[in-house]
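See below for the structure under consideration.
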Amino acid sequence: MTDTHADTDPYRWLEDVTGDTSLDWVRARNAESTEELTHNERFERLRDDIRAVLDADDRIPYVRRRGDYLYNFWRDADHPRGLWRRTTLDEYRKDQPDWQVLIDVDALAEQEGENWVWQGATVLRPSFRRCLVELSRGGADASVVREFDMDTRTFVPDGFQLPEAKSSVSWIDEDRIFVGTDFGEGSRTNSGYPRIAKEWRRGTPLAEAQTLFEGKPEDVAVFAMHDSTPGYQRDFVRRALDFHNDENYLREPGGELVRIDVPTDADIDVHREWLLIRTRAPWSVQGTDYPAGVLLAARVVDYLAGGRDLTVLFEPDAHTSLDGHVWTRNHLVLSLLSDVQSRMKVLTPSDDGWSQEPLGGVDEHASATIIGTDPDNSDEYLLNISGFTTPAELRYGHIGGATETLKRAPAAFDATGIAVRQYFAESADGTKVPYFVVGKEHGAGPTLLTGYGGFEIALTPSYSGVIGSGWLANGGTYVIANIRGGGEYGPQWHTSALRENRPRAYADFAAVADDLVRRGISTPEQLGIQGGSNGGLLMGVMLTSYPERFGAIVCQVPLLDMRRYHQLLAGASWMAEYGDPDDEADWAFLREYSPYHNARPDRSYPPTLFVTSTRDDRVHPGHARKMVALLRAQGHPVEYYENIEGGHGAAADNAQLAFKWALAFEFLWRTLSD
């Protein structure tokens with residue numbers, strides 16, 4: 001195959017994110033697409049319906065406990081940038097809780113003349129009097145950090161502050177924090193994240209902060225964290241060698257860092273006296289072999305002293321994997337996936353070992369997630385349950401006791417007659433690939449297929465008012481493909497599609513598309529696909545390698561130029577996932593599927609809509625820009641829309657989000673049905 005772009009790239013000028021020439025090109029493409037797609041009644045109806053779903057006053061205000069209060073971030077029509085607020089559990093039980101507003105982001109943005117987008121807050125434990133608020137300009141990952149007083153509800157004069165950067169912060173106590181940020185030249189990794197972790201004392205200049213640990217430029221990032229659990233206060237440093245490998249250190253009282261001796265690709269968690277280890281590859285320890293995906297437990301003190309008495313808490317099988325875990329004060333709750341459907345177990349340690357029992361109440365084709373616990377003080381938990389056609393329900397309980405329903409989300413669309421089915425497609429190498437079909441059981445019709453297939457992220461059943469109102473309610477069928485590269489069957493499902501094996505994920509997705517046609521659910525002309533980020537790369541490969549299978553493609557915030565992805569923004573952090581383009585052997589397999597290098601003027605491609613954001617500082621907008629310029633030059637049907645703000649989500653508020661979704665749905669409806 002001839003590589004037309006490895007050494008010369010005629011559209012590289014579009015990588016200049018905010019250059020006048022680049023933005024003139026962006027505005028011209030935006031004008032063309034909005035003129036083509038937005039000036040009609042259906043687009044306006046789609047946009048208004050989606051905006052109503054996003055701004056609904058009766059949707060669930062999800063909360064997180066911090067001390068005596070439940071905290072929530074809320075956006076609606078009157079507060080498009082949002083309110084950070086809190087209330088008590090007793091108030092939260094009411095239909096109309098009495099919320100105490102801490103920060104009105106809209107008012108703050110207007111007052112300061114900034115385009116602030118909320119990025120979160122790190123709260124000081126156990127007093128919960130102070131927090132470190134993160135605000136970004138336009139939704140970028142980079143943010144400013146400012147100390148906030150929860151009692152006076154004001155920013156602290158001369159408090160801890162950091163200018164705009166990709167920073168990490170963690171409270172040690174009221175007068176000290178751990179900080180990683182842009183300290184100047186050489187202080188960031190090649191991926192753009194902090195390379196140095198420091199301890200910063202109140203009232204001193206940042207330049208005088210004490211260095212705790214330095215990583216290498218080729219690392220992804222370095223983080224320092226403080227565990228404030230009463231009786232177990234301790235400090236940790238994590239050095240991210242790449243996206244899947246870490247070194248973890250415990251800081252001794254004298255300041256010495258002691259390496260926690262586990263495989264670098266294993267995930268660890270420390271809670272009170274317990275160390276949990278989840279393997280991502282087979283591991284042999286003192287004559288005992290443990291498979292990938294197993295969860296092990298040991299006492300921290302014993303393990304650091306050299307003991308390797310490990311208890312198996314979970315071991316995967318061909319159908320079941322560990323999706324996550326969360327601690328309460330006395331229990332460990334495991335979230336499992338069994339053929340991509342949620343199951344939950346409660347494990348309890350005692351002098352006699354670990355016992356377990358199910359945490360019930362999870363329906364078939366539903367997704368269950370523990371969204372909050374109070375691990376320092378109690379065994380309470382907040383459980384969120386939803387399904388493709390079942391609006392979310394938020395339950396509150398204590399382990400071993402009954403649960404109460406705190407909130408129910410409203411139905412965003414009429415699900416009458418809409419069924420949920422799960423099928424398995426056979427991929428090119430014989431692997432069975434699960435997928436969910438949501439829609440009315442009728443003959444072939446407009447179908448929207450989505451997938452991700454990367455970074456061990458699992459796509460599970462959940463309720464989407466946006467998909468429901470914009471697609472299902474209008475007669476469309478919605479499909480989620482659980483392809484390799486994701487986490488649906490644990491780490492091996494992911495690692496089987498790493499690096500040179502990436503094409504397995506693409507073959508899986510193509511197999512699902514074929515299976516939909518074989519079953520009479522859709523036809524190639526009526527089958528549209530949509531994906532973002534790594535899923536945007538998936539869309540790009542479908543466009544250039546499997547175009548005959550699809551009638552329309554929506555490609556969002558994508559990676560597409562796999563020759564230069566590692567040199568653009570955070571791209572270097574993903575080389576463990578995809579490979580290193582500067583290595584000749586790696587480029588040989590990357591070149592085979594890189595969408596930007598496989599577009600051909602002599603092939604027929606389905607109409608494609610690319611969506612990205614100028615303010616996306618994770619996946620460079622140049623990927624989408626250059627691909628569109630190339631496809632236009634080759635004469636292919638392509639639309640393009642770039643939000644001038646919005647970050648990696650391509651939208652900074654609900655109005656922009658509704659516009660983006662309506663644009664995609666209008667494009668799909670007119671292409672697949674009109």
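Identifiers in this document derive from the order of the structure tokens: chains are assigned A, B, ..., residues are numbered from 1 separately in each chain, and ligands are numbered from 1 in order of occurrence.
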
Practice problem: Could you give me the residues within region 425-674 of chain A that DSSP places in helix (DSSP H, G or I), as a ChimeraX atom specification? | Solution: /A:465-470,472-474,491-495,499-501,503-518,524-526,534-545,547-549,565-567,569-578,584-593,595-598,622-634,647-649,654-672

Could you write those residues out with C-alpha atoms, as a compact mmCIF listing (two decimals), in the first residue's frame?
# COMPACT_ATOMS: atom_id res chain seq x y z
CA GLY A 465 -33.50 10.55 27.08
CA VAL A 466 -31.52 12.05 24.20
CA ILE A 467 -31.39 8.78 22.20
CA GLY A 468 -34.97 8.03 23.17
CA SER A 469 -36.48 11.36 22.12
CA GLY A 470 -34.26 11.93 19.08
CA LEU A 472 -36.29 5.71 19.28
CA ALA A 473 -39.44 7.84 19.60
CA ASN A 474 -39.27 8.58 15.89
CA PRO A 491 -8.87 -7.13 30.76
CA GLN A 492 -8.43 -9.94 28.23
CA TRP A 493 -11.29 -8.55 26.13
CA HIS A 494 -9.31 -5.33 26.07
CA THR A 495 -5.79 -6.64 25.58
CA ARG A 499 -1.68 -2.35 19.27
CA GLU A 500 -1.15 -4.65 16.27
CA ASN A 501 -4.35 -6.51 17.17
CA PRO A 503 -8.14 -4.53 13.68
CA ARG A 504 -9.96 -7.23 15.69
CA ALA A 505 -12.14 -4.51 17.21
CA TYR A 506 -12.94 -3.18 13.75
CA ALA A 507 -13.74 -6.67 12.45
CA ASP A 508 -16.06 -7.14 15.45
CA PHE A 509 -17.97 -3.96 14.63
CA ALA A 510 -18.27 -4.89 10.97
CA ALA A 511 -19.54 -8.33 12.02
CA VAL A 512 -22.30 -6.75 14.10
CA ALA A 513 -23.28 -4.63 11.10
CA ASP A 514 -23.49 -7.76 8.95
CA ASP A 515 -25.50 -9.58 11.61
CA LEU A 516 -28.05 -6.76 11.76
CA VAL A 517 -28.61 -7.12 8.03
CA ARG A 518 -28.72 -10.93 8.22
CA PRO A 524 -26.72 -1.29 4.57
CA GLU A 525 -28.55 1.73 3.14
CA GLN A 526 -30.50 2.21 6.39
CA ASN A 534 -11.64 6.33 20.29
CA GLY A 535 -15.11 5.57 18.93
CA GLY A 536 -14.45 8.34 16.40
CA LEU A 537 -11.38 6.42 15.25
CA LEU A 538 -13.66 3.39 14.93
CA MET A 539 -15.97 5.44 12.70
CA GLY A 540 -13.03 6.56 10.57
CA VAL A 541 -11.92 2.97 10.03
CA MET A 542 -15.47 1.93 9.13
CA LEU A 543 -15.55 4.76 6.59
CA THR A 544 -12.29 3.88 4.86
CA SER A 545 -12.22 0.09 5.31
CA PRO A 547 -17.81 1.70 3.58
CA GLU A 548 -20.20 -0.64 1.76
CA ARG A 549 -21.79 -1.73 5.05
CA TYR A 565 -1.58 11.42 16.89
CA HIS A 566 1.20 11.02 19.48
CA GLN A 567 2.49 14.54 18.69
CA LEU A 569 -2.05 17.28 22.60
CA ALA A 570 -2.54 14.25 24.90
CA GLY A 571 -1.88 11.75 22.13
CA ALA A 572 1.43 10.52 23.51
CA SER A 573 -0.42 9.08 26.52
CA TRP A 574 -2.21 6.56 24.28
CA MET A 575 0.79 4.89 22.69
CA ALA A 576 0.35 1.85 24.96
CA GLU A 577 -3.10 1.44 23.43
CA TYR A 578 -2.27 2.00 19.74
CA GLU A 584 8.94 1.51 12.09
CA ALA A 585 7.40 -1.82 13.13
CA ASP A 586 4.48 -0.08 14.89
CA TRP A 587 3.86 2.31 12.00
CA ALA A 588 3.64 -0.70 9.70
CA PHE A 589 0.45 -1.90 11.41
CA LEU A 590 -0.91 1.57 12.24
CA ARG A 591 -0.64 2.58 8.59
CA GLU A 592 -2.85 -0.35 7.59
CA TYR A 593 -5.93 1.18 9.25
CA PRO A 595 -8.19 6.56 8.33
CA TYR A 596 -6.30 9.64 7.19
CA HIS A 597 -3.88 7.44 5.26
CA ASN A 598 -6.46 5.11 3.77
CA GLY A 622 -6.83 18.82 13.58
CA HIS A 623 -7.72 15.15 13.16
CA ALA A 624 -11.25 15.94 12.01
CA ARG A 625 -10.27 19.10 10.14
CA LYS A 626 -7.62 17.38 8.03
CA MET A 627 -9.79 14.37 7.29
CA VAL A 628 -12.62 16.56 6.06
CA ALA A 629 -10.28 18.64 3.89
CA LEU A 630 -8.90 15.45 2.35
CA LEU A 631 -12.31 13.89 1.74
CA ARG A 632 -13.62 17.12 0.21
CA ALA A 633 -10.65 17.22 -2.15
CA GLN A 634 -11.34 13.62 -3.15
CA GLY A 647 -13.83 20.64 25.22
CA HIS A 648 -13.69 16.92 24.55
CA GLY A 649 -17.47 16.68 24.95
CA ASN A 654 -27.04 22.15 27.35
CA ALA A 655 -27.90 24.48 24.49
CA GLN A 656 -24.74 23.49 22.64
CA LEU A 657 -25.26 19.84 23.52
CA ALA A 658 -28.83 19.88 22.18
CA PHE A 659 -27.65 21.57 18.99
CA LYS A 660 -24.90 19.00 18.48
CA TRP A 661 -27.25 16.04 18.99
CA ALA A 662 -29.97 17.53 16.78
CA LEU A 663 -27.40 18.12 14.05
CA ALA A 664 -26.37 14.46 14.19
CA PHE A 665 -29.95 13.15 14.24
CA GLU A 666 -31.08 15.41 11.40
CA PHE A 667 -28.14 14.24 9.32
CA LEU A 668 -28.95 10.59 10.06
CA TRP A 669 -32.69 10.87 9.47
CA ARG A 670 -32.36 12.62 6.13
CA THR A 671 -29.61 10.24 4.98
CA LEU A 672 -31.13 6.95 6.17

Skipping near chain neighbours, those fewer than 2 positions away, what residues fall within 10 Å of region 267-277 of chain A using only C-alpha atoms, listed as a PDB file with N, CA, C and O atoms, in the first residue's frame?
ATOM      1  N   ASP A 227      -4.423  10.113  51.741  1.00  0.00           N
ATOM      2  CA  ASP A 227      -5.542   9.341  52.281  1.00  0.00           C
ATOM      3  C   ASP A 227      -5.836   9.880  53.671  1.00  0.00           C
ATOM      4  O   ASP A 227      -5.008   9.785  54.576  1.00  0.00           O
ATOM      5  N   THR A 229      -8.343   8.965  55.705  1.00  0.00           N
ATOM      6  CA  THR A 229      -9.166   8.078  56.523  1.00  0.00           C
ATOM      7  C   THR A 229      -8.693   8.122  57.970  1.00  0.00           C
ATOM      8  O   THR A 229      -7.510   7.859  58.244  1.00  0.00           O
ATOM      9  N   PRO A 230      -9.577   8.458  58.932  1.00  0.00           N
ATOM     10  CA  PRO A 230      -9.158   8.540  60.340  1.00  0.00           C
ATOM     11  C   PRO A 230      -8.484   7.250  60.802  1.00  0.00           C
ATOM     12  O   PRO A 230      -9.004   6.156  60.620  1.00  0.00           O
ATOM     13  N   GLY A 231      -7.299   7.395  61.369  1.00  0.00           N
ATOM     14  CA  GLY A 231      -6.545   6.246  61.844  1.00  0.00           C
ATOM     15  C   GLY A 231      -5.667   5.606  60.791  1.00  0.00           C
ATOM     16  O   GLY A 231      -4.849   4.732  61.112  1.00  0.00           O
ATOM     17  N   TYR A 232      -5.838   6.012  59.539  1.00  0.00           N
ATOM     18  CA  TYR A 232      -5.063   5.416  58.439  1.00  0.00           C
ATOM     19  C   TYR A 232      -4.496   6.489  57.515  1.00  0.00           C
ATOM     20  O   TYR A 232      -4.308   6.256  56.327  1.00  0.00           O
ATOM     21  N   GLN A 233      -4.204   7.682  58.044  1.00  0.00           N
ATOM     22  CA  GLN A 233      -3.703   8.755  57.208  1.00  0.00           C
ATOM     23  C   GLN A 233      -2.347   8.365  56.601  1.00  0.00           C
ATOM     24  O   GLN A 233      -1.460   7.874  57.299  1.00  0.00           O
ATOM     25  N   PHE A 236       0.424   8.769  49.087  1.00  0.00           N
ATOM     26  CA  PHE A 236       0.787   7.895  47.975  1.00  0.00           C
ATOM     27  C   PHE A 236       1.273   8.733  46.799  1.00  0.00           C
ATOM     28  O   PHE A 236       0.847   9.874  46.610  1.00  0.00           O
ATOM     29  N   HIS A 244      -1.538   2.129  30.689  1.00  0.00           N
ATOM     30  CA  HIS A 244      -1.947   0.899  31.355  1.00  0.00           C
ATOM     31  C   HIS A 244      -0.967   0.406  32.402  1.00  0.00           C
ATOM     32  O   HIS A 244      -1.213  -0.637  33.012  1.00  0.00           O
ATOM     33  N   ASN A 245       0.120   1.121  32.630  1.00  0.00           N
ATOM     34  CA  ASN A 245       1.135   0.669  33.578  1.00  0.00           C
ATOM     35  C   ASN A 245       1.508   1.788  34.540  1.00  0.00           C
ATOM     36  O   ASN A 245       1.779   2.921  34.112  1.00  0.00           O
ATOM     37  N   ASP A 246       1.498   1.460  35.847  1.00  0.00           N
ATOM     38  CA  ASP A 246       1.799   2.429  36.898  1.00  0.00           C
ATOM     39  C   ASP A 246       2.821   1.855  37.867  1.00  0.00           C
ATOM     40  O   ASP A 246       2.907   0.636  38.062  1.00  0.00           O
ATOM     41  N   ASN A 248       3.398   2.475  41.982  1.00  0.00           N
ATOM     42  CA  ASN A 248       2.738   3.083  43.131  1.00  0.00           C
ATOM     43  C   ASN A 248       3.669   3.045  44.333  1.00  0.00           C
ATOM     44  O   ASN A 248       4.321   2.027  44.604  1.00  0.00           O
ATOM     45  N   ILE A 260       5.194  -0.128  46.207  1.00  0.00           N
ATOM     46  CA  ILE A 260       4.258  -1.213  46.452  1.00  0.00           C
ATOM     47  C   ILE A 260       4.480  -2.243  45.360  1.00  0.00           C
ATOM     48  O   ILE A 260       4.206  -1.983  44.180  1.00  0.00           O
ATOM     49  N   VAL A 262       3.757  -4.641  43.151  1.00  0.00           N
ATOM     50  CA  VAL A 262       2.733  -5.335  42.369  1.00  0.00           C
ATOM     51  C   VAL A 262       3.087  -5.143  40.898  1.00  0.00           C
ATOM     52  O   VAL A 262       3.861  -4.244  40.546  1.00  0.00           O
ATOM     53  N   PRO A 263       2.551  -5.966  40.001  1.00  0.00           N
ATOM     54  CA  PRO A 263       2.815  -5.743  38.574  1.00  0.00           C
ATOM     55  C   PRO A 263       2.379  -4.344  38.154  1.00  0.00           C
ATOM     56  O   PRO A 263       1.360  -3.830  38.624  1.00  0.00           O
ATOM     57  N   THR A 264       3.153  -3.738  37.266  1.00  0.00           N
ATOM     58  CA  THR A 264       2.829  -2.365  36.868  1.00  0.00           C
ATOM     59  C   THR A 264       1.484  -2.270  36.151  1.00  0.00           C
ATOM     60  O   THR A 264       0.863  -1.207  36.160  1.00  0.00           O
ATOM     61  N   ASP A 265       1.025  -3.374  35.542  1.00  0.00           N
ATOM     62  CA  ASP A 265      -0.259  -3.311  34.845  1.00  0.00           C
ATOM     63  C   ASP A 265      -1.430  -3.691  35.742  1.00  0.00           C
ATOM     64  O   ASP A 265      -2.568  -3.769  35.272  1.00  0.00           O
ATOM     65  N   THR A 279      -5.604  -7.875  38.760  1.00  0.00           N
ATOM     66  CA  THR A 279      -4.612  -8.165  37.728  1.00  0.00           C
ATOM     67  C   THR A 279      -5.169  -7.859  36.340  1.00  0.00           C
ATOM     68  O   THR A 279      -6.366  -7.981  36.090  1.00  0.00           O
ATOM     69  N   ARG A 280      -4.270  -7.487  35.433  1.00  0.00           N
ATOM     70  CA  ARG A 280      -4.639  -7.298  34.031  1.00  0.00           C
ATOM     71  C   ARG A 280      -3.940  -8.320  33.137  1.00  0.00           C
ATOM     72  O   ARG A 280      -4.159  -8.351  31.934  1.00  0.00           O
ATOM     73  N   GLY A 293      -7.652 -10.471  35.448  1.00  0.00           N
ATOM     74  CA  GLY A 293      -9.000 -10.102  35.850  1.00  0.00           C
ATOM     75  C   GLY A 293      -9.391 -10.546  37.231  1.00  0.00           C
ATOM     76  O   GLY A 293     -10.529 -10.328  37.655  1.00  0.00           O
ATOM     77  N   VAL A 294      -8.472 -11.182  37.980  1.00  0.00           N
ATOM     78  CA  VAL A 294      -8.792 -11.633  39.333  1.00  0.00           C
ATOM     79  C   VAL A 294      -8.638 -10.464  40.305  1.00  0.00           C
ATOM     80  O   VAL A 294      -7.826  -9.559  40.086  1.00  0.00           O
ATOM     81  N   LEU A 295      -9.437 -10.461  41.391  1.00  0.00           N
ATOM     82  CA  LEU A 295      -9.324  -9.455  42.451  1.00  0.00           C
ATOM     83  C   LEU A 295      -8.809 -10.135  43.702  1.00  0.00           C
ATOM     84  O   LEU A 295      -9.409 -11.102  44.189  1.00  0.00           O
ATOM     85  N   LEU A 296      -7.684  -9.635  44.226  1.00  0.00           N
ATOM     86  CA  LEU A 296      -7.016 -10.223  45.375  1.00  0.00           C
ATOM     87  C   LEU A 296      -6.995  -9.235  46.529  1.00  0.00           C
ATOM     88  O   LEU A 296      -6.993  -8.012  46.320  1.00  0.00           O
ATOM     89  N   ALA A 297      -6.953  -9.763  47.753  1.00  0.00           N
ATOM     90  CA  ALA A 297      -6.899  -8.922  48.946  1.00  0.00           C
ATOM     91  C   ALA A 297      -5.781  -9.379  49.862  1.00  0.00           C
ATOM     92  O   ALA A 297      -5.500 -10.582  49.984  1.00  0.00           O
ATOM     93  N   ALA A 298      -5.130  -8.418  50.500  1.00  0.00           N
ATOM     94  CA  ALA A 298      -4.112  -8.692  51.510  1.00  0.00           C
ATOM     95  C   ALA A 298      -4.133  -7.543  52.511  1.00  0.00           C
ATOM     96  O   ALA A 298      -4.618  -6.442  52.202  1.00  0.00           O
ATOM     97  N   ARG A 299      -3.618  -7.801  53.689  1.00  0.00           N
ATOM     98  CA  ARG A 299      -3.484  -6.717  54.656  1.00  0.00           C
ATOM     99  C   ARG A 299      -2.265  -5.871  54.286  1.00  0.00           C
ATOM    100  O   ARG A 299      -1.189  -6.408  53.980  1.00  0.00           O
ATOM    101  N   VAL A 300      -2.441  -4.550  54.302  1.00  0.00           N
ATOM    102  CA  VAL A 300      -1.397  -3.641  53.837  1.00  0.00           C
ATOM    103  C   VAL A 300      -0.086  -3.871  54.579  1.00  0.00           C
ATOM    104  O   VAL A 300       0.981  -4.011  53.967  1.00  0.00           O
ATOM    105  N   VAL A 301      -0.143  -3.921  55.909  1.00  0.00           N
ATOM    106  CA  VAL A 301       1.072  -4.051  56.715  1.00  0.00           C
ATOM    107  C   VAL A 301       1.798  -5.341  56.374  1.00  0.00           C
ATOM    108  O   VAL A 301       3.024  -5.359  56.197  1.00  0.00           O
ATOM    109  N   ASP A 302       1.046  -6.429  56.266  1.00  0.00           N
ATOM    110  CA  ASP A 302       1.673  -7.714  55.961  1.00  0.00           C
ATOM    111  C   ASP A 302       2.298  -7.712  54.570  1.00  0.00           C
ATOM    112  O   ASP A 302       3.398  -8.234  54.371  1.00  0.00           O
ATOM    113  N   TYR A 303       1.599  -7.136  53.599  1.00  0.00           N
ATOM    114  CA  TYR A 303       2.098  -7.152  52.227  1.00  0.00           C
ATOM    115  C   TYR A 303       3.376  -6.333  52.104  1.00  0.00           C
ATOM    116  O   TYR A 303       4.342  -6.764  51.460  1.00  0.00           O
ATOM    117  N   LEU A 304       3.404  -5.163  52.730  1.00  0.00           N
ATOM    118  CA  LEU A 304       4.596  -4.325  52.650  1.00  0.00           C
ATOM    119  C   LEU A 304       5.774  -4.959  53.370  1.00  0.00           C
ATOM    120  O   LEU A 304       6.937  -4.687  53.044  1.00  0.00           O
ATOM    121  N   LEU A 310      -2.471 -13.974  49.862  1.00  0.00           N
ATOM    122  CA  LEU A 310      -3.484 -13.286  49.067  1.00  0.00           C
ATOM    123  C   LEU A 310      -4.784 -14.078  49.065  1.00  0.00           C
ATOM    124  O   LEU A 310      -4.783 -15.294  48.880  1.00  0.00           O
ATOM    125  N   THR A 311      -5.878 -13.379  49.266  1.00  0.00           N
ATOM    126  CA  THR A 311      -7.208 -13.990  49.223  1.00  0.00           C
ATOM    127  C   THR A 311      -7.884 -13.622  47.911  1.00  0.00           C
ATOM    128  O   THR A 311      -7.940 -12.436  47.551  1.00  0.00           O
ATOM    129  N   VAL A 312      -8.391 -14.609  47.199  1.00  0.00           N
ATOM    130  CA  VAL A 312      -9.111 -14.357  45.954  1.00  0.00           C
ATOM    131  C   VAL A 312     -10.531 -13.914  46.290  1.00  0.00           C
ATOM    132  O   VAL A 312     -11.314 -14.681  46.852  1.00  0.00           O
ATOM    133  N   LEU A 313     -10.866 -12.678  45.932  1.00  0.00           N
ATOM    134  CA  LEU A 313     -12.216 -12.155  46.166  1.00  0.00           C
ATOM    135  C   LEU A 313     -13.118 -12.356  44.957  1.00  0.00           C
ATOM    136  O   LEU A 313     -14.330 -12.479  45.097  1.00  0.00           O
ATOM    137  N   HIS A 325     -15.491  -1.716  41.830  1.00  0.00           N
ATOM    138  CA  HIS A 325     -15.788  -2.000  43.234  1.00  0.00           C
ATOM    139  C   HIS A 325     -15.844  -0.688  43.999  1.00  0.00           C
ATOM    140  O   HIS A 325     -15.312   0.339  43.565  1.00  0.00           O
ATOM    141  N   VAL A 326     -16.489  -0.736  45.171  1.00  0.00           N
ATOM    142  CA  VAL A 326     -16.577   0.439  46.026  1.00  0.00           C
ATOM    143  C   VAL A 326     -16.666  -0.035  47.473  1.00  0.00           C
ATOM    144  O   VAL A 326     -17.253  -1.083  47.765  1.00  0.00           O
ATOM    145  N   TRP A 327     -16.072   0.729  48.378  1.00  0.00           N
ATOM    146  CA  TRP A 327     -16.085   0.396  49.802  1.00  0.00           C
ATOM    147  C   TRP A 327     -17.183   1.158  50.537  1.00  0.00           C
ATOM    148  O   TRP A 327     -17.452   2.325  50.229  1.00  0.00           O
ATOM    149  N   THR A 328     -17.794   0.500  51.507  1.00  0.00           N
ATOM    150  CA  THR A 328     -18.497   1.202  52.575  1.00  0.00           C
ATOM    151  C   THR A 328     -17.605   1.091  53.806  1.00  0.00           C
ATOM    152  O   THR A 328     -16.459   0.640  53.717  1.00  0.00           O
ATOM    153  N   ARG A 329     -18.102   1.467  54.974  1.00  0.00           N
ATOM    154  CA  ARG A 329     -17.244   1.401  56.169  1.00  0.00           C
ATOM    155  C   ARG A 329     -16.777  -0.024  56.451  1.00  0.00           C
ATOM    156  O   ARG A 329     -15.612  -0.258  56.785  1.00  0.00           O
ATOM    157  N   ASN A 330     -17.655  -1.010  56.299  1.00  0.00           N
ATOM    158  CA  ASN A 330     -17.337  -2.379  56.703  1.00  0.00           C
ATOM    159  C   ASN A 330     -17.466  -3.410  55.593  1.00  0.00           C
ATOM    160  O   ASN A 330     -17.272  -4.602  55.853  1.00  0.00           O
ATOM    161  N   LEU A 332     -17.300  -4.431  51.104  1.00  0.00           N
ATOM    162  CA  LEU A 332     -16.812  -4.177  49.753  1.00  0.00           C
ATOM    163  C   LEU A 332     -17.897  -4.617  48.782  1.00  0.00           C
ATOM    164  O   LEU A 332     -18.346  -5.768  48.835  1.00  0.00           O
ATOM    165  N   PRO A 349     -15.260  -8.652  55.194  1.00  0.00           N
ATOM    166  CA  PRO A 349     -14.114  -9.290  55.853  1.00  0.00           C
ATOM    167  C   PRO A 349     -14.381  -9.506  57.341  1.00  0.00           C
ATOM    168  O   PRO A 349     -15.079  -8.719  57.987  1.00  0.00           O
ATOM    169  N   PRO A 375     -17.557   5.877  53.199  1.00  0.00           N
ATOM    170  CA  PRO A 375     -16.710   4.809  53.717  1.00  0.00           C
ATOM    171  C   PRO A 375     -16.025   5.100  55.044  1.00  0.00           C
ATOM    172  O   PRO A 375     -15.617   4.168  55.731  1.00  0.00           O
ATOM    173  N   ASP A 376     -15.911   6.362  55.428  1.00  0.00           N
ATOM    174  CA  ASP A 376     -15.284   6.664  56.714  1.00  0.00           C
ATOM    175  C   ASP A 376     -16.230   6.430  57.886  1.00  0.00           C
ATOM    176  O   ASP A 376     -15.777   6.195  59.009  1.00  0.00           O
TER     177      ASP A 376
END

Quiz prompt | Long-range neighbours of region 136-143 of chain A as a ChimeraX atom specification, 12 Å cut-off, only C-alpha atoms, 6 positions minimum in chain | solution = /A:81,105,109,112-121,161-169,181-182,192-194,569-570,613-620,643-653,656

May I have the residues from that selection written out with C-alpha atoms, as a short mmCIF file (atom, residue, chain, number, x, y, z; two decimals), in the first residue's frame?
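Final output, selection.cif:
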data_model
loop_
_atom_site.label_atom_id
_atom_site.label_comp_id
_atom_site.auth_asym_id
_atom_site.auth_seq_id
_atom_site.Cartn_x
_atom_site.Cartn_y
_atom_site.Cartn_z
CA ARG A 81 -23.39 27.00 33.10
CA VAL A 105 -21.11 29.55 37.58
CA ALA A 109 -18.60 34.00 34.54
CA GLU A 112 -15.35 37.98 35.86
CA GLY A 113 -15.85 38.22 32.11
CA GLU A 114 -14.74 34.61 31.62
CA ASN A 115 -16.24 31.68 29.74
CA TRP A 116 -16.14 29.43 32.82
CA VAL A 117 -17.12 25.76 32.61
CA TRP A 118 -17.34 23.71 35.82
CA GLN A 119 -14.71 20.98 36.17
CA GLY A 120 -15.27 19.88 39.76
CA ALA A 121 -14.06 20.46 43.32
CA GLN A 161 -4.50 29.20 43.34
CA LEU A 162 -3.12 27.78 40.11
CA PRO A 163 -3.22 29.35 36.63
CA GLU A 164 -4.69 27.47 33.67
CA ALA A 165 -2.98 24.10 33.20
CA LYS A 166 -3.65 20.38 33.30
CA SER A 167 -3.13 20.16 37.05
CA SER A 168 -3.71 17.65 39.82
CA VAL A 169 -4.32 18.65 43.44
CA THR A 181 1.00 21.45 37.39
CA ASP A 182 2.97 23.39 34.81
CA GLY A 192 1.14 17.46 28.54
CA TYR A 193 0.44 16.28 32.10
CA PRO A 194 2.40 16.99 35.33
CA LEU A 569 -2.05 17.28 22.60
CA ALA A 570 -2.54 14.25 24.90
CA SER A 613 -14.47 21.29 19.20
CA THR A 614 -11.84 24.01 18.99
CA ARG A 615 -11.45 23.80 22.77
CA ASP A 616 -10.84 20.05 22.83
CA ASP A 617 -7.36 19.87 24.36
CA ARG A 618 -7.41 16.08 24.62
CA VAL A 619 -8.04 14.90 21.05
CA HIS A 620 -6.73 17.55 18.68
CA ASN A 643 -17.98 24.02 18.14
CA ILE A 644 -15.67 26.91 18.96
CA GLU A 645 -15.86 25.85 22.61
CA GLY A 646 -16.91 22.74 24.46
CA GLY A 647 -13.83 20.64 25.22
CA HIS A 648 -13.69 16.92 24.55
CA GLY A 649 -17.47 16.68 24.95
CA ALA A 650 -17.83 19.21 22.09
CA ALA A 651 -20.38 21.21 24.12
CA ALA A 652 -20.02 23.62 27.04
CA ASP A 653 -23.70 23.80 28.05
CA GLN A 656 -24.74 23.49 22.64
#

Exercise. Pick out each residue of region 151-252 of chain A that DSSP on the backbone tags as strand (DSSP E or B); I need them as JSON, numbers by chain.
Key: {"A": [154, 155, 161, 162, 163, 164, 165, 168, 169, 170, 171, 172, 173, 176, 177, 178, 179, 180, 188, 194, 196, 197, 198, 199, 200, 201, 210, 211, 212, 213, 214, 221, 222, 223, 224, 225, 226, 227, 234, 235, 236, 237, 238, 239, 240, 246, 247, 248, 249, 250, 251]}
